[in-house]
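Just below is one structure, and these are the notes that go with it.
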Amino acid sequence: MSSFDETEAIYVRELGIDDIAPVYHLGEELFTSDLYPYLYRTWDEWEVIGLYNTDPEYCLVAERDGELAGFVLGTIITKASWTYGYILWLGVSPKFQRRGVADKLVDKVVARMIEDGARFMLVDTDPTNVSALKFFNRKGFGNIRQHIFLSMNLSKHEYYGRLIDYEHQKAERAGYRRSRPAIRARKPDSAANEILLNPLVSESQTTEDQSPI
Ligand SMILES: CC(C)(COP(=O)(O)OP(=O)(O)OC[C@H]1O[C@@H](n2cnc3c(N)ncnc32)[C@H](O)[C@@H]1OP(=O)(O)O)[C@@H](O)C(=O)NCCC(=O)NCCS
């Protein structure tokens, strides 16, 4: 009986324009708010579009029979004397996990980065992401450094409160103007007509200097 090597059927190639939406949606499935809140917050379509635009050679997808199996998105950082390869995002569809897909993607992107002068690799992930940590450890990544993220709810910020007050006052003023009967100009000229017909024109002119900014 011949043994079929699953990884043989996995094909790795550069990300193309038609892969942008499927890659984004696969990321949405993988980087969820309950599992990895930081990855969830920072993952959006601009990650894919932006890196496809700036670093297409380090954006790879794996597919099997035309079906998206996984992706890797990376970049190169050049400092005065060092060039770093940085893996920003790596994801494998649950259906294709534990079949060596990430292995293939990372091997290929690392080879490209070495060709382009990288002598050091960086990657980061959530500290609770055991599968990724095991995966990267096995690939030779080590020397773990913890990095702490802090956050702040801006709805409690003093400036946010002022902005909301300002918007309320503006809405109230607009309501007051609408409820007043329009005053007819004695000698209607075109400018006076415009103000009568469109009170928002004078509104935006008079409130500009009251902006909270
Ligand atoms: C981490 C991830 C990319 C690994 O992809 P994968 O294609 O399943 O990985 P591979 O099949 O190449 O795994 C190679 C090795 O990594 C380790 N590994 C991978 N997934 C693992 C898991 N769930 N638990 C433990 N070890 C795991 C194993 O050592 C594995 O070798 P083995 O299968 O012979 O034991 C995948 O689980 C994933 O997409 N996770 C969600 C997204 C994510 O966390 N991305 C990384 C941060 S951006």
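Chain lettering (A, B, ...) mirrors the order of the structure tokens, residue numbering begins at 1 for each chain separately, and ligand numbering begins at 1 in order of display.
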Counting only C-alpha atoms and all ligand atoms, give me one row per residue of chain A with an atom at most 8 Å from an atom of ligand 1, showing the shortest contact pair and its distance in Å to one decimal, sorted by chain then residue number, as JSON lines.
```
{"residue": "A:Gly27", "atom": "CA", "partner": "ligand 1", "partner_atom_place_in_ligand_line": "42 (C)", "distance": 7.5}
{"residue": "A:Leu30", "atom": "CA", "partner": "ligand 1", "partner_atom_place_in_ligand_line": "41 (C)", "distance": 5.1}
{"residue": "A:Phe31", "atom": "CA", "partner": "ligand 1", "partner_atom_place_in_ligand_line": "42 (C)", "distance": 6.2}
{"residue": "A:Leu39", "atom": "CA", "partner": "ligand 1", "partner_atom_place_in_ligand_line": "48 (S)", "distance": 7.2}
{"residue": "A:Gly70", "atom": "CA", "partner": "ligand 1", "partner_atom_place_in_ligand_line": "39 (O)", "distance": 7.3}
{"residue": "A:Ile87", "atom": "CA", "partner": "ligand 1", "partner_atom_place_in_ligand_line": "48 (S)", "distance": 7.9}
{"residue": "A:Leu88", "atom": "CA", "partner": "ligand 1", "partner_atom_place_in_ligand_line": "48 (S)", "distance": 6.4}
{"residue": "A:Trp89", "atom": "CA", "partner": "ligand 1", "partner_atom_place_in_ligand_line": "48 (S)", "distance": 4.2}
{"residue": "A:Leu90", "atom": "CA", "partner": "ligand 1", "partner_atom_place_in_ligand_line": "48 (S)", "distance": 4.5}
{"residue": "A:Gly91", "atom": "CA", "partner": "ligand 1", "partner_atom_place_in_ligand_line": "39 (O)", "distance": 3.5}
{"residue": "A:Val92", "atom": "CA", "partner": "ligand 1", "partner_atom_place_in_ligand_line": "39 (O)", "distance": 3.7}
{"residue": "A:Ser93", "atom": "CA", "partner": "ligand 1", "partner_atom_place_in_ligand_line": "39 (O)", "distance": 6.2}
{"residue": "A:Pro94", "atom": "CA", "partner": "ligand 1", "partner_atom_place_in_ligand_line": "39 (O)", "distance": 7.0}
{"residue": "A:Phe96", "atom": "CA", "partner": "ligand 1", "partner_atom_place_in_ligand_line": "7 (O)", "distance": 6.6}
{"residue": "A:Gln97", "atom": "CA", "partner": "ligand 1", "partner_atom_place_in_ligand_line": "8 (O)", "distance": 3.3}
{"residue": "A:Arg98", "atom": "CA", "partner": "ligand 1", "partner_atom_place_in_ligand_line": "11 (O)", "distance": 3.2}
{"residue": "A:Arg99", "atom": "CA", "partner": "ligand 1", "partner_atom_place_in_ligand_line": "11 (O)", "distance": 4.1}
{"residue": "A:Gly100", "atom": "CA", "partner": "ligand 1", "partner_atom_place_in_ligand_line": "12 (O)", "distance": 3.3}
{"residue": "A:Val101", "atom": "CA", "partner": "ligand 1", "partner_atom_place_in_ligand_line": "7 (O)", "distance": 3.9}
{"residue": "A:Ala102", "atom": "CA", "partner": "ligand 1", "partner_atom_place_in_ligand_line": "7 (O)", "distance": 3.8}
{"residue": "A:Asp103", "atom": "CA", "partner": "ligand 1", "partner_atom_place_in_ligand_line": "12 (O)", "distance": 3.8}
{"residue": "A:Lys104", "atom": "CA", "partner": "ligand 1", "partner_atom_place_in_ligand_line": "12 (O)", "distance": 6.9}
{"residue": "A:Asp124", "atom": "CA", "partner": "ligand 1", "partner_atom_place_in_ligand_line": "47 (C)", "distance": 7.0}
{"residue": "A:Thr125", "atom": "CA", "partner": "ligand 1", "partner_atom_place_in_ligand_line": "47 (C)", "distance": 5.0}
{"residue": "A:Asp126", "atom": "CA", "partner": "ligand 1", "partner_atom_place_in_ligand_line": "47 (C)", "distance": 7.4}
{"residue": "A:Asn129", "atom": "CA", "partner": "ligand 1", "partner_atom_place_in_ligand_line": "44 (O)", "distance": 6.0}
{"residue": "A:Val130", "atom": "CA", "partner": "ligand 1", "partner_atom_place_in_ligand_line": "24 (N)", "distance": 6.4}
{"residue": "A:Ser131", "atom": "CA", "partner": "ligand 1", "partner_atom_place_in_ligand_line": "22 (C)", "distance": 3.8}
{"residue": "A:Ala132", "atom": "CA", "partner": "ligand 1", "partner_atom_place_in_ligand_line": "1 (C)", "distance": 3.7}
{"residue": "A:Leu133", "atom": "CA", "partner": "ligand 1", "partner_atom_place_in_ligand_line": "1 (C)", "distance": 7.4}
{"residue": "A:Lys134", "atom": "CA", "partner": "ligand 1", "partner_atom_place_in_ligand_line": "17 (C)", "distance": 4.9}
{"residue": "A:Phe135", "atom": "CA", "partner": "ligand 1", "partner_atom_place_in_ligand_line": "16 (O)", "distance": 3.4}
{"residue": "A:Phe136", "atom": "CA", "partner": "ligand 1", "partner_atom_place_in_ligand_line": "16 (O)", "distance": 7.0}
{"residue": "A:Arg138", "atom": "CA", "partner": "ligand 1", "partner_atom_place_in_ligand_line": "29 (O)", "distance": 5.9}
{"residue": "A:Lys139", "atom": "CA", "partner": "ligand 1", "partner_atom_place_in_ligand_line": "16 (O)", "distance": 7.9}
```
Deliver the residues from the most recent selection as a file, using C-alpha atoms, as a compact mmCIF listing (two decimals), in the first residue's frame.
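Result written to selection-v6.txt:
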```txt
# COMPACT_ATOMS: atom_id res chain seq x y z
CA GLY A 27 -7.71 35.43 10.35
CA LEU A 30 -8.49 32.28 14.17
CA PHE A 31 -7.73 35.50 16.08
CA LEU A 39 -4.48 39.60 18.15
CA GLY A 70 -2.98 28.91 5.71
CA ILE A 87 6.67 37.21 11.16
CA LEU A 88 3.64 39.38 11.89
CA TRP A 89 0.82 36.93 11.25
CA LEU A 90 0.61 33.17 10.80
CA GLY A 91 -2.61 31.23 10.53
CA VAL A 92 -3.68 27.77 9.47
CA SER A 93 -7.28 26.78 8.86
CA PRO A 94 -8.48 24.44 11.67
CA PHE A 96 -5.57 21.77 7.96
CA GLN A 97 -3.85 22.11 11.33
CA ARG A 98 -1.20 19.60 12.53
CA ARG A 99 -0.35 18.64 8.97
CA GLY A 100 2.82 20.67 8.59
CA VAL A 101 1.22 23.65 6.80
CA ALA A 102 2.71 26.30 9.13
CA ASP A 103 6.01 24.42 8.91
CA LYS A 104 6.06 24.87 5.14
CA ASP A 124 5.34 37.58 18.86
CA THR A 125 2.09 36.13 20.06
CA ASP A 126 -0.25 35.91 23.03
CA ASN A 129 -1.15 30.69 22.70
CA VAL A 130 0.35 27.30 23.50
CA SER A 131 0.09 25.87 19.99
CA ALA A 132 1.96 28.83 18.49
CA LEU A 133 4.58 28.80 21.25
CA LYS A 134 5.16 25.06 20.79
CA PHE A 135 5.26 25.51 17.07
CA PHE A 136 7.82 28.35 17.18
CA ARG A 138 10.12 23.56 17.61
CA LYS A 139 11.19 25.77 14.71
```
- Which residues, written as a list in words, have at least one atom at most 12 Å from stretch 151-157 of chain A, with only C-alpha atoms counted and residues fewer than 5 positions away on the same chain left out?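 My list of contacting residues is Pro37, Tyr38, Arg41, Arg162, Leu163 and Ile164 of chain A.
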Generate the output file for the selected residues, C-alpha atoms, as a PDB file, in the first residue's frame.
```pdb
ATOM      1  CA  PRO A  37      -7.776  39.621  22.633  1.00  0.00           C
ATOM      2  CA  TYR A  38      -4.703  41.499  21.448  1.00  0.00           C
ATOM      3  CA  ARG A  41      -7.953  43.901  18.219  1.00  0.00           C
ATOM      4  CA  ARG A 162     -16.329  67.417  26.571  1.00  0.00           C
ATOM      5  CA  LEU A 163     -16.813  66.238  23.008  1.00  0.00           C
ATOM      6  CA  ILE A 164     -20.098  64.508  23.895  1.00  0.00           C
TER       7      ILE A 164
END
```
- Item | DSSP helix (DSSP H, G or I) residues within stretch 21-197 of chain A, as a PyMOL selection string | chain A and resi 21-30+37-42+45-54+56-58+94-96+101-115+130-138+154-156+158-179+190-197
- Message: One decimal, in Å: what's the spacing between atom CA of A:Arg119 and atom CA of A:Tyr11?
- Response: 26.2 Å
- Message: Which residues are close to A:Pro22, i.e. within 8 Å by only C-alpha atoms, leaving aside same-chain residues fewer than 4 positions away? Reply as a PyMOL selection string.
- Response: chain A and resi 18+26+68
- Just the residues within 8 Å of A:Ile49, please, counting only C-alpha atoms, with nothing from its chain fewer than 4 positions along; format it as an MDAnalysis selection string. chainID A and resid 20 45 53
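In this model, the gap between atom CA of A:Lys95 and atom CA of A:Tyr52 comes to 24.7 Å.
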